[in-house]
Amino acid sequence: EIAVGDFDADGNLDVAGVTYADELHVYYGDGAGGTSRNFVTWGLPQTNSIERANLDGINGDDLVLGSYNWSQLGTFRSVAGALALATNF
């Protein structure tokens, strides 16, 4: 699964995806077709969905992850130009 949005609020599109190893990878776009940096962290166990949303109406786009086997939702919020884990439900 992948999601595209502006996760660091710099006006450039970024790409986020989850792996079978339960990692969240975010590639921040540099505006020239490449990426300027990569963010990797643990997502939810057995994540099967990832969606872009602006949960707080400020900063950049946020991410919502869903776990099929653990029946969990996790949110990563755009804060100070990067994504940070906000809440697991």
# chains A, B, ... in the order shown; residues from 1 in each chain; ligands from 1

$ residues_around --residues "A:Asp30" --least-positions-apart "2" --cutoff "10 Å" --atoms "only C-alpha atoms" --output "number ranges by chain"
A: 10-14, 27-28, 32-37

$ write_last_selection --atoms "C-alpha atoms" --output "PDB file, in the first residue's frame"
ATOM      1  CA  ASP A  10       6.803  22.129   1.776  1.00  0.00           C
ATOM      2  CA  GLY A  11       4.519  22.189  -1.290  1.00  0.00           C
ATOM      3  CA  ASN A  12       6.090  19.083  -2.890  1.00  0.00           C
ATOM      4  CA  LEU A  13       4.448  15.658  -3.159  1.00  0.00           C
ATOM      5  CA  ASP A  14       5.807  12.904  -0.935  1.00  0.00           C
ATOM      6  CA  TYR A  27      10.121   9.560   0.771  1.00  0.00           C
ATOM      7  CA  TYR A  28       9.991  13.363   0.867  1.00  0.00           C
ATOM      8  CA  ALA A  32      12.505  18.104  -9.042  1.00  0.00           C
ATOM      9  CA  GLY A  33      11.250  14.526  -9.388  1.00  0.00           C
ATOM     10  CA  GLY A  34      13.520  13.022  -6.744  1.00  0.00           C
ATOM     11  CA  THR A  35      13.540  12.645  -3.007  1.00  0.00           C
ATOM     12  CA  SER A  36      15.521  14.697  -0.548  1.00  0.00           C
ATOM     13  CA  ARG A  37      15.329  12.407   2.479  1.00  0.00           C
TER      14      ARG A  37
END

$ select_by_dssp --residues "stretch 38-89 of chain A" --states "strand (DSSP E)" --output "ChimeraX atom specification"
/A:38-42,47-53,62-67,72-79,82-88

$ atom_distance --atom1 "atom CA of A:Asp62" --atom2 "atom CA of A:Ala21"
21.4 Å

$ residues_around --residues "A:Glu23" --least-positions-apart "2" --cutoff "9 Å" --atoms "only C-alpha atoms" --output "NGL selection string"
:A and (17-21 or 25 or 40-45 or 47)

$ residues_around --residues "A:Ala9" --least-positions-apart "5" --cutoff "7 Å" --atoms "only C-alpha atoms" --output "PDB file with all heavy atoms, in the first residue's frame"
ATOM      1  N   ASN A  59      -0.756  22.480   9.070  1.00  0.00           N
ATOM      2  CA  ASN A  59       0.489  21.843   8.641  1.00  0.00           C
ATOM      3  C   ASN A  59       0.261  21.059   7.354  1.00  0.00           C
ATOM      4  O   ASN A  59      -0.555  21.424   6.534  1.00  0.00           O
ATOM      5  CB  ASN A  59       1.076  20.959   9.745  1.00  0.00           C
ATOM      6  CG  ASN A  59       1.427  21.741  10.988  1.00  0.00           C
ATOM      7  OD1 ASN A  59       1.914  22.855  10.898  1.00  0.00           O
ATOM      8  ND2 ASN A  59       1.165  21.174  12.135  1.00  0.00           N
ATOM      9  N   GLY A  60       0.954  19.954   7.180  1.00  0.00           N
ATOM     10  CA  GLY A  60       0.822  19.152   5.975  1.00  0.00           C
ATOM     11  C   GLY A  60      -0.175  18.031   6.148  1.00  0.00           C
ATOM     12  O   GLY A  60      -0.945  17.985   7.113  1.00  0.00           O
ATOM     13  N   GLY A  81       7.380  19.937   9.863  1.00  0.00           N
ATOM     14  CA  GLY A  81       8.016  19.477   8.637  1.00  0.00           C
ATOM     15  C   GLY A  81       8.337  18.000   8.576  1.00  0.00           C
ATOM     16  O   GLY A  81       9.140  17.575   7.750  1.00  0.00           O
TER      17      GLY A  81
END

$ atom_distance --atom1 "atom CA of A:Asn69" --atom2 "atom CA of A:Asp8"
29.7 Å

$ residues_around --residues "stretch 82-88 of chain A" --least-positions-apart "2" --cutoff "9 Å" --atoms "only C-alpha atoms" --output "JSON, numbers by chain"
{"A": [7, 8, 9, 26, 39, 43, 44, 60, 61, 62, 63, 72, 73, 74, 75, 76, 77, 78, 79, 80]}

$ atom_distance --atom1 "atom CA of A:Asn48" --atom2 "atom CA of A:Gly29"
23.8 Å

$ closest_residue --among "A:Trp70, A:Leu24, A:Asp6, A:Glu1" --to "A:Ile58" --atoms "only C-alpha atoms"
A:Asp6

$ closest_residue --among "A:Ser71, A:Ala3, A:Gly66, A:Gly57" --to "A:Asp22" --atoms "only C-alpha atoms"
A:Gly66
